[in-house]
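K.L.:
Below you'll find the structure I mean.
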Amino acid sequence: MDTLANLGGGFATALTPLNLLWALIGCFLGTAIGVLPGIGPALTIALLLPVTYQISATGAFILFCGTFYGAMYGGSTTSILINTPGESGSIITALEGNKMARSGRAGPALATSAIGSFIAGTIGTLGISFFGPVVVELALKLGPAEYFSLMVFCFVTVSAVLGSSALRGLTSLFFGIFLGMIGIDLQTGQPRFTFGLPELLDGVNVVLVAVALFAVAETLHLALRWRPGQEEILPVSGKLWLSREDWRRSFWPWLRGAGLGFPFGVMPAGGTEMPTMLSYYAERKLSKKPEEFGTVGAIEGVAGPEAANNAAAAGVLVPMLTLGLPTSATAAIMLSAFQSYGIQPGPLLFTEQAELVWGLIASLYIANVMLLVLNLPLIGLWVRILKVPTPLLYAGILVFATIGTYGISNSVVDLVLLYVIGFIGMLMKRFDFPVAPVVIGMILGPMAEQAMRQALTISQGDWSTFVTRPVSAAILALALIALAGPRLYGAVARAR
Amino acid sequence: MSRRADTADTVVALAVTVFGGVVIWRGSAIPPSPLYAAVGPKLVPYVAGAALVVLGVLLLVEALRGGWSSELEEVRDAPPVNLRSFGLLVAGLFANLALIDTLGFVFAGTVQFTLVAMALNAKSPLRAALIGLVVTFGAFLFFDKALGVNIGAGIFEGIL
């Protein structure tokens, strides 16, 4: 098997002492930052980007992936102990997990989420290893026209299908596409939307936008309606392990959750909300003790969604590594890191950067083991991080936001942009506009424009190329169905 | 639908529409490409601007029919606006902007840290200032000395 040989090579890369160290640092930092309420994996990686200026691309991505997985683990701890999910995927975990903690079963809740994350993360990583090369095979047959259509499909799913409103999702997306266009147009050399500022010729950095939307906006939003007071952190009660019954009740939910989560992550329909929700409802239906759901907290309701969350997060890496398509804010930031290393993401990544890709995949297996070992015994440390007072926490986040932006360019213009976009982000939060499509549109917009131009150059300016090539037409049709389908269905259902 | 228009949502919808118009207007100012290209640099800006105008108008319709945000739980149950906290936070951001080029990262960062901590009612501003100094100084040492990333030199940094 080719995959096994490649994976072997990957482990040879990942198991060097230096790369192991990066994985360990990534897992540690990821968990530590992921534990902090309100900070998800996207912001964690954005804040870590300046750290990587000095290290090799392979080391940096091993660090990122460790951080990515670590932030997922850390986020569930926060959900269970203080009921403030750090990112959308852990909302469901907070539902039952916090109930369990309230009824004195925080220990088993943390244990089932850590072990479930490990199992689902490993299944997801196996999926990447064996499914990724298959996708690459297919992707190599796609031309620019198909790529463009695929990106349009991504646009539709990340903005219009997920989230509460297609209108507001699409508005966010086009705002992101606008931000992505700022700077010199790479194909014709013309400056766009620079408003006479030379600082904008190089474009707006995606890290700046992510930090603005996730950190500055969050802090402004918090301060605007600040009510002093302490959040209640529940103690880690109960044994930090699973009883025989807990094992029995967790085992199938883990596997079902992972089975639900991974395909959702792989599809450009991305997102972790849907699989975690589906898993939650499935477990509530299948549970022998449905009366525990929503009352004392059911362990199945933690095990299933948490596994789904982690498997979906692993699945998101498949389109990112094989097609170069980001379907979550985190993936968009990792993709921009590829670009800053001068690495062209896309199907050729697996052959041209084989050492990096397989080293990264191997390090995901290692990170999972590390995280399992780090998480349960060190739970006391993570709880202590949770106790950092909120004022100091947000003050510190803003200091690191400055490092992440001013540190890149040494330009006050960038800081002004950071705060302006942060202010817009605060308004977006108030008016229920999702922020992830901004980051995705910013990365994917220019890529789609480039693919469109290449396709039109090949077709000598003939626009019908997008609908006469069968694969491209099929993908566009799917995008149209995804956009209009739910509304048509709603209209038909109402008419009856 | 007989509900009244939602003022806040109407303003947001109008802002999106106007913003789309600005994108089209600034898009038309992009110099034409000297090279032959099937698609010039203006097309996507026009498409994005037009899309924002259309979305803005659709949002406006929604806002005039009663809006969307006033029904949200977070908005309905939100505590009152805290101008003291918000003002101190914004002051912290401006202090950082004003000081970082002249006095450097450590000084500007400490001032910002203290103001943000005060905005969120830190127990002791003096303690926050000391912690801020330790955090920014530590970060400076780590990034500037260990990693060689220049994060803004100033008076404190010059002494080292």
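Letters A, B, ... mark the chains of the structure tokens in the order given; residue numbers begin at 1 per chain; ligand numbers begin at 1, in order shown.
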So that I can check the surroundings of Ile24 in chain B, please list as a list in words every protein, DNA and RNA residue that reaches within 6 Å of it, counting only C-alpha atoms and ignoring chain neighbours fewer than 2 positions away.

P.N.:
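Using only C-alpha atoms, the neighbours found are Gly21, Val22, Arg26, Gly27, Tyr46 and Gly49 of chain B.
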
K.L.:
Please identify every residue of chain B that has at least one atom no farther than 6 Å from an atom of chain A, counting only C-alpha atoms, and for each give the shortest atom pair and the distance in Å to one decimal, arranged by chain then increasing number, as a Markdown table.

P.N.:
| residue | atom | partner | partner_atom | distance |
| --- | --- | --- | --- | --- |
| B:Ile30 | CA | A:Arg192 | CA | 5.9 |
| B:Ser33 | CA | A:Thr188 | CA | 5.8 |
| B:Ala38 | CA | A:Gly461 | CA | 5.1 |
| B:Ala48 | CA | A:Phe174 | CA | 5.9 |
| B:Ser69 | CA | A:Phe431 | CA | 5.6 |
| B:Pro79 | CA | A:Arg225 | CA | 5.8 |
| B:Pro80 | CA | A:Arg225 | CA | 5.9 |
| B:Val81 | CA | A:Arg225 | CA | 4.6 |
| B:Asn82 | CA | A:Arg225 | CA | 5.1 |
| B:Ser85 | CA | A:Ala223 | CA | 5.4 |
| B:Phe86 | CA | A:Leu224 | CA | 4.9 |
| B:Gly109 | CA | A:Val399 | CA | 6.0 |
| B:Phe113 | CA | A:Ala395 | CA | 4.8 |
| B:Val116 | CA | A:Ala395 | CA | 5.2 |
| B:Ala117 | CA | A:Pro391 | CA | 4.5 |
| B:Leu120 | CA | A:Pro391 | CA | 5.0 |
| B:Ala122 | CA | A:Pro391 | CA | 5.5 |
| B:Ile151 | CA | A:Gly407 | CA | 4.1 |

K.L.:
Applying 9 Å and only C-alpha atoms, which residues near range 249-261 of chain A remain after dropping the ones on its own chain fewer than 3 positions away? List them as a PyMOL selection string.

P.N.:
chain A and resi 112+115-117+119-121+123-124+244-246+264-266+272+274-276+278-280+282-283+287+299-315

K.L.:
Can you pull out the residues contacting range 476-487 of chain A? Cut-off 10 Å, using only C-alpha atoms, and skip same-chain residues under 4 positions away; I want them as a list in words.

P.N.:
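My list of contacting residues is Glu146, Phe148, Ser149, Leu150, Met151, Val152, Phe153, Cys154, Phe155, Val156, Thr157, Ser159, Ala160, Val161, Ala166, Ala269, Phe466, Val467, Pro470, Val471, Ser472, Ala491, Val492 and Ala493 of chain A.
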
K.L.:
Measure the distance from CA of Ala210 in chain A to CA of Ala42 in chain A in Å and round it to one decimal.

P.N.:
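Separation between CA of Ala210 in chain A and CA of Ala42 in chain A: 7.6 Å.
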
K.L.:
Please identify all polymer residues within 10 Å of Phe94 in chain B, counting only C-alpha atoms, omitting same-chain residues fewer than 3 positions from it, and present them as a ChimeraX atom specification.

P.N.:
/A:415-416,419 /B:88-91,97-99,108,112

K.L.:
Only N, CA and C atoms, please: the residues just picked out, written as a PDB file, in the first residue's frame.

P.N.:
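Generated file (out-v1.pdb):
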ATOM      1  N   LEU A 415      -2.808  48.515  12.931  1.00  0.00           N
ATOM      2  CA  LEU A 415      -3.502  48.538  14.223  1.00  0.00           C
ATOM      3  C   LEU A 415      -4.857  49.231  14.096  1.00  0.00           C
ATOM      4  N   VAL A 416      -4.878  50.348  13.325  1.00  0.00           N
ATOM      5  CA  VAL A 416      -6.144  51.049  13.111  1.00  0.00           C
ATOM      6  C   VAL A 416      -7.140  50.109  12.438  1.00  0.00           C
ATOM      7  N   TYR A 419      -8.620  47.593  14.810  1.00  0.00           N
ATOM      8  CA  TYR A 419      -9.670  48.088  15.693  1.00  0.00           C
ATOM      9  C   TYR A 419     -10.941  48.405  14.910  1.00  0.00           C
TER      10      TYR A 419
ATOM     11  N   LEU B  88     -13.593  53.056  28.666  1.00  0.00           N
ATOM     12  CA  LEU B  88     -12.233  52.739  29.110  1.00  0.00           C
ATOM     13  C   LEU B  88     -11.548  51.802  28.121  1.00  0.00           C
ATOM     14  N   LEU B  89     -12.297  50.845  27.598  1.00  0.00           N
ATOM     15  CA  LEU B  89     -11.709  49.907  26.638  1.00  0.00           C
ATOM     16  C   LEU B  89     -11.261  50.642  25.378  1.00  0.00           C
ATOM     17  N   VAL B  90     -12.144  51.498  24.860  1.00  0.00           N
ATOM     18  CA  VAL B  90     -11.783  52.244  23.650  1.00  0.00           C
ATOM     19  C   VAL B  90     -10.592  53.163  23.937  1.00  0.00           C
ATOM     20  N   ALA B  91     -10.568  53.750  25.139  1.00  0.00           N
ATOM     21  CA  ALA B  91      -9.425  54.575  25.523  1.00  0.00           C
ATOM     22  C   ALA B  91      -8.149  53.738  25.489  1.00  0.00           C
ATOM     23  N   LEU B  97      -2.607  52.894  20.128  1.00  0.00           N
ATOM     24  CA  LEU B  97      -2.332  53.499  18.815  1.00  0.00           C
ATOM     25  C   LEU B  97      -1.400  54.698  18.949  1.00  0.00           C
ATOM     26  N   ALA B  98      -1.662  55.519  19.984  1.00  0.00           N
ATOM     27  CA  ALA B  98      -0.922  56.771  20.099  1.00  0.00           C
ATOM     28  C   ALA B  98       0.499  56.539  20.589  1.00  0.00           C
ATOM     29  N   LEU B  99       0.699  55.518  21.413  1.00  0.00           N
ATOM     30  CA  LEU B  99       1.981  55.388  22.100  1.00  0.00           C
ATOM     31  C   LEU B  99       2.945  54.414  21.434  1.00  0.00           C
ATOM     32  N   ALA B 108       3.311  50.999  25.679  1.00  0.00           N
ATOM     33  CA  ALA B 108       1.954  51.099  25.134  1.00  0.00           C
ATOM     34  C   ALA B 108       1.115  49.899  25.564  1.00  0.00           C
ATOM     35  N   GLN B 112      -2.315  49.922  27.756  1.00  0.00           N
ATOM     36  CA  GLN B 112      -3.532  49.306  27.239  1.00  0.00           C
ATOM     37  C   GLN B 112      -4.037  48.209  28.164  1.00  0.00           C
TER      38      GLN B 112
END
